[in-house]
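See below for structure32.pdb, which holds PDB, C-alpha atoms, pLDDT in the B column.
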ATOM      1  CA  MET U   1     -11.143  20.127   2.480  1.00 40.00           C
ATOM      2  CA  ILE U   2      -7.877  21.692   3.699  1.00 38.00           C
ATOM      3  CA  ARG U   3      -8.486  24.811   5.718  1.00 40.00           C
ATOM      4  CA  GLU U   4      -6.249  27.799   5.055  1.00 41.00           C
ATOM      5  CA  SER U   5      -5.271  27.971   8.741  1.00 37.00           C
ATOM      6  CA  GLN U   6      -4.044  24.346   8.636  1.00 42.00           C
ATOM      7  CA  ILE U   7      -1.539  24.734   5.800  1.00 44.00           C
ATOM      8  CA  GLY U   8       2.118  25.126   6.677  1.00 53.00           C
ATOM      9  CA  THR U   9       3.418  22.142   8.592  1.00 83.00           C
ATOM     10  CA  ALA U  10       2.922  18.747   7.001  1.00 95.00           C
ATOM     11  CA  VAL U  11       1.765  15.980   9.311  1.00 97.00           C
ATOM     12  CA  LEU U  12       3.639  13.433   7.190  1.00 97.00           C
ATOM     13  CA  GLU U  13       6.653  13.979   4.942  1.00 97.00           C
ATOM     14  CA  LEU U  14       8.728  11.530   2.958  1.00 97.00           C
ATOM     15  CA  ARG U  15      11.914  13.170   1.701  1.00 97.00           C
ATOM     16  CA  HIS U  16      13.738  11.145  -0.963  1.00 97.00           C
ATOM     17  CA  ALA U  17      12.695   8.040   0.960  1.00 97.00           C
ATOM     18  CA  SER U  18      13.831   4.705  -0.472  1.00 97.00           C
ATOM     19  CA  ARG U  19      13.602   1.163   0.863  1.00 97.00           C
ATOM     20  CA  LEU U  20      15.651  -1.799  -0.352  1.00 96.00           C
ATOM     21  CA  HIS U  21      14.949  -5.389   0.690  1.00 91.00           C
ATOM     22  CA  GLY U  22      17.434  -8.231   0.350  1.00 89.00           C
ATOM     23  CA  GLU U  23      20.995  -8.203  -0.900  1.00 88.00           C
ATOM     24  CA  GLY U  24      22.946  -8.789  -4.101  1.00 85.00           C
ATOM     25  CA  GLU U  25      20.987 -10.279  -7.008  1.00 84.00           C
ATOM     26  CA  ARG U  26      17.946 -10.722  -4.785  1.00 87.00           C
ATOM     27  CA  GLN U  27      17.799  -7.074  -3.805  1.00 91.00           C
ATOM     28  CA  VAL U  28      14.414  -5.466  -4.456  1.00 91.00           C
ATOM     29  CA  GLN U  29      13.675  -1.738  -4.617  1.00 94.00           C
ATOM     30  CA  ALA U  30      10.413  -1.608  -2.655  1.00 95.00           C
ATOM     31  CA  LEU U  31      10.269   2.214  -2.671  1.00 96.00           C
ATOM     32  CA  ALA U  32      12.410   4.615  -4.655  1.00 96.00           C
ATOM     33  CA  ASP U  33      13.065   8.316  -3.935  1.00 96.00           C
ATOM     34  CA  ALA U  34       9.564   9.100  -2.687  1.00 96.00           C
ATOM     35  CA  ASN U  35       8.816  12.754  -1.965  1.00 95.00           C
ATOM     36  CA  ILE U  36       5.394  13.158  -0.375  1.00 95.00           C
ATOM     37  CA  ALA U  37       3.910  15.740   1.987  1.00 95.00           C
ATOM     38  CA  ILE U  38       0.448  15.431   3.521  1.00 96.00           C
ATOM     39  CA  GLU U  39      -1.001  18.461   5.264  1.00 95.00           C
ATOM     40  CA  PRO U  40      -3.491  18.608   8.145  1.00 96.00           C
ATOM     41  CA  GLY U  41      -6.999  18.103   6.793  1.00 96.00           C
ATOM     42  CA  GLU U  42      -5.847  16.277   3.670  1.00 96.00           C
ATOM     43  CA  PHE U  43      -7.161  12.868   2.582  1.00 96.00           C
ATOM     44  CA  VAL U  44      -4.802  11.122   0.140  1.00 96.00           C
ATOM     45  CA  ALA U  45      -5.238   7.780  -1.636  1.00 96.00           C
ATOM     46  CA  ILE U  46      -2.468   5.502  -2.874  1.00 96.00           C
ATOM     47  CA  MET U  47      -3.165   3.271  -5.859  1.00 95.00           C
ATOM     48  CA  GLY U  48      -1.075   0.907  -7.935  1.00 94.00           C
ATOM     49  CA  PRO U  49      -0.662  -2.752  -8.874  1.00 93.00           C
ATOM     50  CA  SER U  50       0.429  -5.429  -6.407  1.00 91.00           C
ATOM     51  CA  GLY U  51       4.106  -5.072  -5.559  1.00 91.00           C
ATOM     52  CA  SER U  52       4.224  -1.382  -6.471  1.00 94.00           C
ATOM     53  CA  GLY U  53       5.303  -0.261  -2.966  1.00 94.00           C
ATOM     54  CA  LYS U  54       1.996   0.795  -1.421  1.00 95.00           C
ATOM     55  CA  SER U  55       2.302  -1.192   1.816  1.00 93.00           C
ATOM     56  CA  THR U  56       6.012  -0.346   2.085  1.00 95.00           C
ATOM     57  CA  LEU U  57       5.135   3.339   1.946  1.00 96.00           C
ATOM     58  CA  LEU U  58       2.580   2.901   4.736  1.00 95.00           C
ATOM     59  CA  HIS U  59       5.030   0.909   6.874  1.00 95.00           C
ATOM     60  CA  LEU U  60       7.597   3.695   6.571  1.00 96.00           C
ATOM     61  CA  ALA U  61       4.983   6.371   7.312  1.00 96.00           C
ATOM     62  CA  GLY U  62       3.902   4.528  10.451  1.00 94.00           C
ATOM     63  CA  GLY U  63       7.407   3.886  11.763  1.00 93.00           C
ATOM     64  CA  LEU U  64       7.031   0.123  11.335  1.00 93.00           C
ATOM     65  CA  ASP U  65      10.085   0.148   9.057  1.00 94.00           C
ATOM     66  CA  ILE U  66      12.881   2.608   8.369  1.00 93.00           C
ATOM     67  CA  PRO U  67      14.056   3.872   4.968  1.00 96.00           C
ATOM     68  CA  THR U  68      17.316   2.639   3.491  1.00 96.00           C
ATOM     69  CA  SER U  69      17.931   6.261   2.544  1.00 97.00           C
ATOM     70  CA  GLY U  70      16.057   9.532   2.890  1.00 97.00           C
ATOM     71  CA  GLN U  71      13.778  10.656   5.708  1.00 97.00           C
ATOM     72  CA  VAL U  72      10.292  10.035   7.065  1.00 97.00           C
ATOM     73  CA  LEU U  73       8.942  12.794   9.324  1.00 96.00           C
ATOM     74  CA  VAL U  74       5.755  12.725  11.404  1.00 96.00           C
ATOM     75  CA  GLU U  75       4.800  16.189  12.648  1.00 94.00           C
ATOM     76  CA  GLY U  76       8.358  17.325  11.952  1.00 94.00           C
ATOM     77  CA  THR U  77      10.096  14.462  13.800  1.00 94.00           C
ATOM     78  CA  ASP U  78      12.465  12.251  11.796  1.00 96.00           C
ATOM     79  CA  LEU U  79      11.415   8.737  12.821  1.00 95.00           C
ATOM     80  CA  ALA U  80      14.900   7.336  12.136  1.00 93.00           C
ATOM     81  CA  THR U  81      16.344   9.479  14.948  1.00 94.00           C
ATOM     82  CA  LEU U  82      14.086   7.904  17.575  1.00 94.00           C
ATOM     83  CA  SER U  83      14.700   4.897  19.781  1.00 93.00           C
ATOM     84  CA  ILE U  84      12.307   1.944  19.535  1.00 91.00           C
ATOM     85  CA  ALA U  85      10.512   3.149  22.669  1.00 92.00           C
ATOM     86  CA  GLN U  86      10.246   6.744  21.399  1.00 94.00           C
ATOM     87  CA  CYS U  87       8.892   5.547  18.060  1.00 93.00           C
ATOM     88  CA  ALA U  88       6.279   3.453  19.882  1.00 91.00           C
ATOM     89  CA  VAL U  89       5.132   6.563  21.749  1.00 92.00           C
ATOM     90  CA  ILE U  90       4.790   8.500  18.475  1.00 93.00           C
ATOM     91  CA  ARG U  91       2.680   5.671  17.029  1.00 90.00           C
ATOM     92  CA  ARG U  92       0.406   5.489  20.065  1.00 90.00           C
ATOM     93  CA  ARG U  93      -0.170   9.229  20.306  1.00 92.00           C
ATOM     94  CA  SER U  94       0.008  10.499  16.735  1.00 93.00           C
ATOM     95  CA  VAL U  95      -0.570   7.620  14.306  1.00 96.00           C
ATOM     96  CA  GLY U  96      -3.620   5.423  13.797  1.00 95.00           C
ATOM     97  CA  TYR U  97      -2.886   2.377  11.621  1.00 95.00           C
ATOM     98  CA  VAL U  98      -5.442   0.091   9.964  1.00 94.00           C
ATOM     99  CA  PHE U  99      -3.705  -3.148   8.988  1.00 91.00           C
ATOM    100  CA  GLN U 100      -4.862  -5.372   6.115  1.00 88.00           C
ATOM    101  CA  ASP U 101      -4.994  -8.372   8.463  1.00 90.00           C
ATOM    102  CA  PHE U 102      -6.569  -6.319  11.309  1.00 93.00           C
ATOM    103  CA  ASN U 103      -3.988  -7.354  14.000  1.00 94.00           C
ATOM    104  CA  LEU U 104      -6.605  -7.641  16.746  1.00 97.00           C
ATOM    105  CA  LEU U 105      -5.482  -9.336  19.961  1.00 97.00           C
ATOM    106  CA  PRO U 106      -7.492 -12.591  20.176  1.00 97.00           C
ATOM    107  CA  ALA U 107      -7.687 -12.674  23.979  1.00 97.00           C
ATOM    108  CA  LEU U 108      -9.286  -9.210  24.184  1.00 98.00           C
ATOM    109  CA  THR U 109     -12.823  -8.087  23.414  1.00 98.00           C
ATOM    110  CA  ALA U 110     -13.503  -5.479  20.748  1.00 98.00           C
ATOM    111  CA  ALA U 111     -13.694  -2.709  23.352  1.00 98.00           C
ATOM    112  CA  GLU U 112     -10.493  -3.906  25.021  1.00 98.00           C
ATOM    113  CA  ASN U 113      -8.667  -4.031  21.675  1.00 98.00           C
ATOM    114  CA  VAL U 114      -9.726  -0.478  20.857  1.00 98.00           C
ATOM    115  CA  ALA U 115      -8.926   0.836  24.348  1.00 98.00           C
ATOM    116  CA  PHE U 116      -5.576  -0.953  24.609  1.00 96.00           C
ATOM    117  CA  PRO U 117      -3.327   1.722  23.003  1.00 94.00           C
ATOM    118  CA  LEU U 118      -4.919   4.392  25.198  1.00 96.00           C
ATOM    119  CA  GLU U 119      -4.292   2.395  28.369  1.00 96.00           C
ATOM    120  CA  LEU U 120      -0.674   1.878  27.290  1.00 93.00           C
ATOM    121  CA  ASP U 121      -0.441   5.639  27.009  1.00 92.00           C
ATOM    122  CA  GLY U 122      -1.662   6.186  30.581  1.00 94.00           C
ATOM    123  CA  TRP U 123      -5.410   6.695  30.151  1.00 96.00           C
ATOM    124  CA  SER U 124      -7.566   5.361  32.975  1.00 97.00           C
ATOM    125  CA  ARG U 125      -9.438   2.159  32.164  1.00 97.00           C
ATOM    126  CA  ARG U 126     -12.800   3.924  32.454  1.00 98.00           C
ATOM    127  CA  LYS U 127     -11.863   6.812  30.194  1.00 98.00           C
ATOM    128  CA  ALA U 128     -10.221   4.496  27.646  1.00 98.00           C
ATOM    129  CA  ARG U 129     -13.343   2.295  27.532  1.00 98.00           C
ATOM    130  CA  GLU U 130     -15.606   5.327  27.029  1.00 98.00           C
ATOM    131  CA  GLU U 131     -13.467   6.430  24.089  1.00 98.00           C
ATOM    132  CA  ALA U 132     -13.392   2.886  22.707  1.00 98.00           C
ATOM    133  CA  LEU U 133     -17.181   2.575  22.847  1.00 98.00           C
ATOM    134  CA  ALA U 134     -17.575   5.917  21.070  1.00 98.00           C
ATOM    135  CA  ARG U 135     -15.268   4.831  18.240  1.00 97.00           C
ATOM    136  CA  LEU U 136     -16.988   1.434  17.920  1.00 98.00           C
ATOM    137  CA  ALA U 137     -20.268   3.305  17.556  1.00 98.00           C
ATOM    138  CA  GLU U 138     -18.685   5.592  14.957  1.00 97.00           C
ATOM    139  CA  THR U 139     -17.714   2.580  12.822  1.00 97.00           C
ATOM    140  CA  GLY U 140     -21.118   0.920  13.289  1.00 96.00           C
ATOM    141  CA  VAL U 141     -20.138  -2.016  15.536  1.00 97.00           C
ATOM    142  CA  ALA U 142     -21.093  -0.837  19.038  1.00 98.00           C
ATOM    143  CA  GLU U 143     -22.891  -4.141  19.636  1.00 98.00           C
ATOM    144  CA  LEU U 144     -19.569  -6.010  19.357  1.00 97.00           C
ATOM    145  CA  ALA U 145     -17.995  -4.275  22.361  1.00 98.00           C
ATOM    146  CA  ASP U 146     -17.813  -7.420  24.505  1.00 98.00           C
ATOM    147  CA  ARG U 147     -17.191  -9.905  21.703  1.00 98.00           C
ATOM    148  CA  ARG U 148     -13.767 -11.409  20.939  1.00 98.00           C
ATOM    149  CA  PRO U 149     -12.293 -11.500  17.404  1.00 97.00           C
ATOM    150  CA  GLU U 150     -12.898 -15.237  16.957  1.00 97.00           C
ATOM    151  CA  SER U 151     -16.663 -14.634  16.968  1.00 97.00           C
ATOM    152  CA  MET U 152     -16.570 -11.762  14.454  1.00 97.00           C
ATOM    153  CA  SER U 153     -16.910 -11.835  10.683  1.00 96.00           C
ATOM    154  CA  GLY U 154     -14.092 -10.394   8.597  1.00 95.00           C
ATOM    155  CA  GLY U 155     -16.043  -7.207   7.998  1.00 95.00           C
ATOM    156  CA  GLN U 156     -16.804  -6.792  11.677  1.00 96.00           C
ATOM    157  CA  ALA U 157     -13.149  -7.335  12.624  1.00 96.00           C
ATOM    158  CA  GLN U 158     -12.129  -4.753  10.034  1.00 95.00           C
ATOM    159  CA  ARG U 159     -14.449  -2.134  11.512  1.00 96.00           C
ATOM    160  CA  VAL U 160     -13.124  -2.851  15.019  1.00 97.00           C
ATOM    161  CA  ALA U 161      -9.581  -2.381  13.666  1.00 96.00           C
ATOM    162  CA  ILE U 162     -10.626   0.938  12.133  1.00 97.00           C
ATOM    163  CA  ALA U 163     -12.164   2.015  15.450  1.00 97.00           C
ATOM    164  CA  ARG U 164      -8.836   1.268  17.160  1.00 97.00           C
ATOM    165  CA  ALA U 165      -7.046   3.525  14.659  1.00 96.00           C
ATOM    166  CA  LEU U 166      -9.469   6.366  15.413  1.00 97.00           C
ATOM    167  CA  VAL U 167      -9.086   6.527  19.209  1.00 96.00           C
ATOM    168  CA  GLY U 168      -7.507   9.508  20.919  1.00 93.00           C
ATOM    169  CA  PRO U 169      -6.207  12.731  19.383  1.00 91.00           C
ATOM    170  CA  ARG U 170      -4.297  11.099  16.526  1.00 92.00           C
ATOM    171  CA  ARG U 171      -3.316  13.445  13.724  1.00 94.00           C
ATOM    172  CA  LEU U 172      -2.222  10.856  11.134  1.00 97.00           C
ATOM    173  CA  LEU U 173      -4.373   7.941   9.986  1.00 97.00           C
ATOM    174  CA  LEU U 174      -2.838   5.241   7.793  1.00 97.00           C
ATOM    175  CA  ALA U 175      -5.238   2.725   6.275  1.00 96.00           C
ATOM    176  CA  ASP U 176      -4.188  -0.314   4.222  1.00 94.00           C
ATOM    177  CA  GLU U 177      -7.259  -1.359   2.193  1.00 93.00           C
ATOM    178  CA  PRO U 178      -9.695  -0.350   4.988  1.00 94.00           C
ATOM    179  CA  THR U 179     -12.735  -1.404   2.930  1.00 92.00           C
ATOM    180  CA  GLY U 180     -11.314  -4.709   1.682  1.00 90.00           C
ATOM    181  CA  ALA U 181     -13.584  -6.947   3.806  1.00 91.00           C
ATOM    182  CA  LEU U 182     -16.656  -4.678   3.639  1.00 93.00           C
ATOM    183  CA  ASP U 183     -19.702  -4.619   1.399  1.00 92.00           C
ATOM    184  CA  SER U 184     -20.214  -1.508  -0.715  1.00 90.00           C
ATOM    185  CA  THR U 185     -22.682   0.157   1.665  1.00 92.00           C
ATOM    186  CA  THR U 186     -20.528  -0.359   4.751  1.00 94.00           C
ATOM    187  CA  GLY U 187     -17.411   0.612   2.790  1.00 93.00           C
ATOM    188  CA  THR U 188     -19.022   3.900   1.851  1.00 93.00           C
ATOM    189  CA  ALA U 189     -19.918   4.540   5.510  1.00 94.00           C
ATOM    190  CA  ILE U 190     -16.282   3.947   6.537  1.00 95.00           C
ATOM    191  CA  LEU U 191     -15.060   6.272   3.786  1.00 95.00           C
ATOM    192  CA  GLN U 192     -17.348   8.938   5.236  1.00 95.00           C
ATOM    193  CA  VAL U 193     -15.779   8.399   8.681  1.00 96.00           C
ATOM    194  CA  LEU U 194     -12.282   8.863   7.220  1.00 96.00           C
ATOM    195  CA  ARG U 195     -13.411  11.877   5.186  1.00 95.00           C
ATOM    196  CA  ASP U 196     -14.885  13.442   8.332  1.00 95.00           C
ATOM    197  CA  ARG U 197     -11.606  12.907  10.185  1.00 95.00           C
ATOM    198  CA  ALA U 198      -9.706  14.706   7.451  1.00 95.00           C
ATOM    199  CA  ASP U 199     -12.256  17.522   7.402  1.00 95.00           C
ATOM    200  CA  ASN U 200     -11.663  17.908  11.146  1.00 94.00           C
ATOM    201  CA  GLY U 201      -7.912  18.328  10.707  1.00 95.00           C
ATOM    202  CA  ALA U 202      -6.327  14.864  10.567  1.00 96.00           C
ATOM    203  CA  ALA U 203      -4.079  13.761   7.703  1.00 97.00           C
ATOM    204  CA  VAL U 204      -5.357  10.512   6.166  1.00 97.00           C
ATOM    205  CA  LEU U 205      -3.362   8.235   3.848  1.00 97.00           C
ATOM    206  CA  MET U 206      -5.268   5.277   2.411  1.00 97.00           C
ATOM    207  CA  VAL U 207      -4.225   2.393   0.157  1.00 95.00           C
ATOM    208  CA  THR U 208      -7.093   1.285  -2.080  1.00 93.00           C
ATOM    209  CA  HIS U 209      -7.695  -0.599  -5.325  1.00 89.00           C
ATOM    210  CA  GLU U 210     -11.121   1.009  -5.767  1.00 88.00           C
ATOM    211  CA  ALA U 211     -11.192   4.121  -7.962  1.00 88.00           C
ATOM    212  CA  ARG U 212     -14.669   4.970  -6.615  1.00 88.00           C
ATOM    213  CA  PHE U 213     -13.256   5.133  -3.082  1.00 90.00           C
ATOM    214  CA  ALA U 214     -10.224   7.152  -4.178  1.00 90.00           C
ATOM    215  CA  ALA U 215     -12.722   9.703  -5.495  1.00 89.00           C
ATOM    216  CA  TRP U 216     -13.517  10.590  -1.852  1.00 92.00           C
ATOM    217  CA  THR U 217      -9.996  11.906  -1.385  1.00 94.00           C
ATOM    218  CA  ASP U 218      -8.303  15.219  -2.128  1.00 94.00           C
ATOM    219  CA  ARG U 219      -5.736  13.587  -4.395  1.00 93.00           C
ATOM    220  CA  THR U 220      -4.507  10.174  -5.484  1.00 94.00           C
ATOM    221  CA  LEU U 221      -0.873   9.072  -5.732  1.00 95.00           C
ATOM    222  CA  PHE U 222      -0.163   6.331  -8.236  1.00 95.00           C
ATOM    223  CA  LEU U 223       2.768   3.961  -7.617  1.00 96.00           C
ATOM    224  CA  ARG U 224       4.524   1.596  -9.970  1.00 94.00           C
ATOM    225  CA  ASP U 225       7.733  -0.350  -9.286  1.00 93.00           C
ATOM    226  CA  GLY U 226       8.271   1.548  -6.046  1.00 94.00           C
ATOM    227  CA  ARG U 227       7.988   4.991  -7.605  1.00 95.00           C
ATOM    228  CA  VAL U 228       5.338   7.687  -7.428  1.00 93.00           C
ATOM    229  CA  ILE U 229       4.658   8.100 -11.135  1.00 91.00           C
ATOM    230  CA  ASP U 230       1.693  10.462 -11.123  1.00 85.00           C
ATOM    231  CA  GLN U 231      -1.074  12.038  -9.070  1.00 82.00           C
ATOM    232  CA  SER U 232      -4.606  13.201  -9.700  1.00 78.00           C
ATOM    233  CA  GLY U 233      -7.367  15.268  -8.172  1.00 71.00           C
ATOM    234  CA  PRO U 234     -10.477  13.790  -6.535  1.00 60.00           C
ATOM    235  CA  SER U 235     -12.350  13.073  -9.771  1.00 51.00           C
ATOM    236  CA  ASP U 236      -9.490  11.548 -11.760  1.00 52.00           C
ATOM    237  CA  PRO U 237      -8.286   8.184 -10.296  1.00 46.00           C
ATOM    238  CA  SER U 238     -10.093   6.154 -12.973  1.00 51.00           C
ATOM    239  CA  MET U 239      -8.228   8.156 -15.640  1.00 49.00           C
ATOM    240  CA  LEU U 240      -4.922   7.230 -14.003  1.00 46.00           C
ATOM    241  CA  LEU U 241      -5.864   3.554 -14.034  1.00 47.00           C
ATOM    242  CA  ALA U 242      -6.862   3.749 -17.685  1.00 50.00           C
ATOM    243  CA  ARG U 243      -3.555   5.422 -18.540  1.00 47.00           C
ATOM    244  CA  GLU U 244      -1.597   2.701 -16.693  1.00 47.00           C
ATOM    245  CA  SER U 245      -3.428  -0.124 -18.519  1.00 48.00           C
ATOM    246  CA  ARG U 246      -2.368   1.106 -21.997  1.00 46.00           C
TER
END

Just give me the structure of the file as C-alpha cells.
Amino acid sequence: MIRESQIGTAVLELRHASRLHGEGERQVQALADANIAIEPGEFVAIMGPSGSGKSTLLHLAGGLDIPTSGQVLVEGTDLATLSIAQCAVIRRRSVGYVFQDFNLLPALTAAENVAFPLELDGWSRRKAREEALARLAETGVAELADRRPESMSGGQAQRVAIARALVGPRRLLLADEPTGALDSTTGTAILQVLRDRADNGAAVLMVTHEARFAAWTDRTLFLRDGRVIDQSGPSDPSMLLARESR
C-alpha cells in the first residue's frame, strides 16, 4: 500500500521512452512511447506475450540499456546523462535487479555473490557478509551461504539472485520472472518478500506470466508489440488476459 507521505516523487519514470533495435528493414520497435511512473511503496506487475517489450522495459529501467528516444529517470536522475561509471553507482546503490538467468558469479559462494555489490560500494567485508546472510535467510536459503552456484538447483539459484537484489538500502527492485524456477509455495513466499519491500517504501516492478502473482501487486501494466495498452488494479490481471485472447 502506498503511504500518503510517500507520494510525490516517483522512484522510476519512463517519459515517452522508446527503444529500436536493428536498422532498415530489420529494425524492430522493442518499446514504443512508454510513459510510466512508479511511486515509493508501489508494487507493479508487467504482463504480456513473448516479444511484447517486457524485458526491454526492465533493461531500460535498470540502466542496462538506453532509450532510442525519451527519458528514463531513477529518483529524478536521467540515466542517459550519466557516464558508464556513474550509472554503475546508481545500479549498485539504488537498483536491485533479478535476472531471468540469475547471473550469479560461478567462482563465488552464495554469500559472496550477495555481498559482492556491497563490497564494490565500499562496505567492509564483515558488514557486507552480515547483510548477505540476512537476505539469504529472508529468501529461505540461509543454508546455501557457503555453496557455489554449480551445486544449487535452479530454484535455489533464483532465490540467491533475489537475495542479491534485496541487499542494502535499494529503493527500486526490478524482477524479471522472479518465480519462474520456483514451485508454487516458494513462489508465494517470494511474492510476500517483494510485497513487504514495497510496503516498506521500495518501488517494485516485476515481469510475470502468472495472473495469480500479479494479483499481489497494486496494478498491472499490459504490453503488446512494445506498447503499454492497458492497466488494471490488483484483482483484475486475469480480465486483461481474457480481453487480450479475444

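Each of U:Leu223, U:Leu194, U:Leu173, U:Ala165 was checked against U:Ser52 using only C-alpha atoms; the smallest atom-to-atom distance is that of U:Leu223.
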
With a distance cut-off of 8 Å and all atoms listed in the file, select the neighbouring residues of U:Leu104, excluding the residue or stretch itself and same-chain residues fewer than 5 positions from it, and output the selection as a PyMOL selection string. chain U and resi 113+149+157+161

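The space between atom CA of U:Pro40 and atom CA of U:Ala203 spans 4.9 Å.
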
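When the PyMOL selection byres ((chain U and resi 198) around 9) is evaluated against the file, it yields Met1, Ile2, Pro40, Gly41, Glu42, Phe43, Leu173, Val193, Leu194, Arg195, Asp196, Arg197, Asp199, Asn200, Gly201, Ala202, Ala203 and Val204 of chain U.
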
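For U:Ala132, the non-local neighbours within 7 Å, defined as residues at least 5 positions apart in the same chain or in other chains and counting all atoms listed in the file, are Ala111, Val114, Ala115 and Val167 of chain U.
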
Next, dump the selected residues to file, keeping only C-alpha atoms, as a compact mmCIF listing (two decimals), in the frame of the given file.
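Once written, part_38.txt looks like this:
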# COMPACT_ATOMS: atom_id res chain seq x y z
CA ALA U 111 -13.69 -2.71 23.35
CA VAL U 114 -9.73 -0.48 20.86
CA ALA U 115 -8.93 0.84 24.35
CA VAL U 167 -9.09 6.53 19.21

Could you list, as a PDB file with C-alpha atoms, in the frame of the given file, every residue matched by the PyMOL selection byres ((chain U and resi 169) around 10) in this structure?
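File result-v5.pdb, as written:
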ATOM      1  CA  ARG U  92       0.406   5.489  20.065  1.00 90.00           C
ATOM      2  CA  ARG U  93      -0.170   9.229  20.306  1.00 92.00           C
ATOM      3  CA  SER U  94       0.008  10.499  16.735  1.00 93.00           C
ATOM      4  CA  VAL U  95      -0.570   7.620  14.306  1.00 96.00           C
ATOM      5  CA  GLY U  96      -3.620   5.423  13.797  1.00 95.00           C
ATOM      6  CA  LEU U 166      -9.469   6.366  15.413  1.00 97.00           C
ATOM      7  CA  VAL U 167      -9.086   6.527  19.209  1.00 96.00           C
ATOM      8  CA  GLY U 168      -7.507   9.508  20.919  1.00 93.00           C
ATOM      9  CA  ARG U 170      -4.297  11.099  16.526  1.00 92.00           C
ATOM     10  CA  ARG U 171      -3.316  13.445  13.724  1.00 94.00           C
ATOM     11  CA  LEU U 172      -2.222  10.856  11.134  1.00 97.00           C
ATOM     12  CA  ALA U 202      -6.327  14.864  10.567  1.00 96.00           C
TER      13      ALA U 202
END

Run the PyMOL selection byres ((chain U and resi 226) around 10) on the file and write out the hits as an MDAnalysis selection string. chainID U and resid 18:20 28:34 48 51:54 56:57 222:225 227:229

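What separates atom CA of U:Tyr97 from atom CA of U:His209 is a distance of 17.9 Å.
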
Name the closest residue to U:Ala107 among the candidates U:Thr81, U:Glu130, U:Asp176, U:Ser151; distances are taken between atoms, counting all atoms listed in the file. U:Ser151

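Across the model, the gap from atom CA of U:Arg164 to atom CA of U:Glu177 is 15.3 Å.
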
Contacts of U:Cys87 at 12 Å or less, counting only C-alpha atoms, minus same-chain residues fewer than 5 places along, as an MDAnalysis selection string? chainID U and resid 60:66 72:74 77:82 92:95

Write to file, as a short mmCIF file (atom, residue, chain, number, x, y, z; two decimals), keeping the file's coordinate frame, the residues of the selection just made, with C-alpha atoms.
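Below is the file that was written, part-v4.cif:
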data_model
loop_
_atom_site.label_atom_id
_atom_site.label_comp_id
_atom_site.auth_asym_id
_atom_site.auth_seq_id
_atom_site.Cartn_x
_atom_site.Cartn_y
_atom_site.Cartn_z
CA LEU U 60 7.60 3.70 6.57
CA ALA U 61 4.98 6.37 7.31
CA GLY U 62 3.90 4.53 10.45
CA GLY U 63 7.41 3.89 11.76
CA LEU U 64 7.03 0.12 11.34
CA ASP U 65 10.09 0.15 9.06
CA ILE U 66 12.88 2.61 8.37
CA VAL U 72 10.29 10.04 7.06
CA LEU U 73 8.94 12.79 9.32
CA VAL U 74 5.76 12.72 11.40
CA THR U 77 10.10 14.46 13.80
CA ASP U 78 12.46 12.25 11.80
CA LEU U 79 11.42 8.74 12.82
CA ALA U 80 14.90 7.34 12.14
CA THR U 81 16.34 9.48 14.95
CA LEU U 82 14.09 7.90 17.58
CA ARG U 92 0.41 5.49 20.07
CA ARG U 93 -0.17 9.23 20.31
CA SER U 94 0.01 10.50 16.74
CA VAL U 95 -0.57 7.62 14.31
#

Contacts of stretch 182-192 of chain U at 9 Å or less, counting only C-alpha atoms, minus same-chain residues fewer than 4 places along, as a CSV table (one decimal) with C-alpha atoms, in the frame of the given file?
chain,number,residue,atom,x,y,z
U,138,GLU,CA,-18.7,5.6,15.0
U,139,THR,CA,-17.7,2.6,12.8
U,140,GLY,CA,-21.1,0.9,13.3
U,154,GLY,CA,-14.1,-10.4,8.6
U,155,GLY,CA,-16.0,-7.2,8.0
U,156,GLN,CA,-16.8,-6.8,11.7
U,158,GLN,CA,-12.1,-4.8,10.0
U,159,ARG,CA,-14.4,-2.1,11.5
U,162,ILE,CA,-10.6,0.9,12.1
U,178,PRO,CA,-9.7,-0.4,5.0
U,196,ASP,CA,-14.9,13.4,8.3
U,197,ARG,CA,-11.6,12.9,10.2
U,213,PHE,CA,-13.3,5.1,-3.1
U,216,TRP,CA,-13.5,10.6,-1.9

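In terms of minimum interatomic distance to U:Arg212, U:Thr179 ranks closest within U:Gly70, U:Thr179, U:Arg91, U:Pro117, counting only C-alpha atoms.
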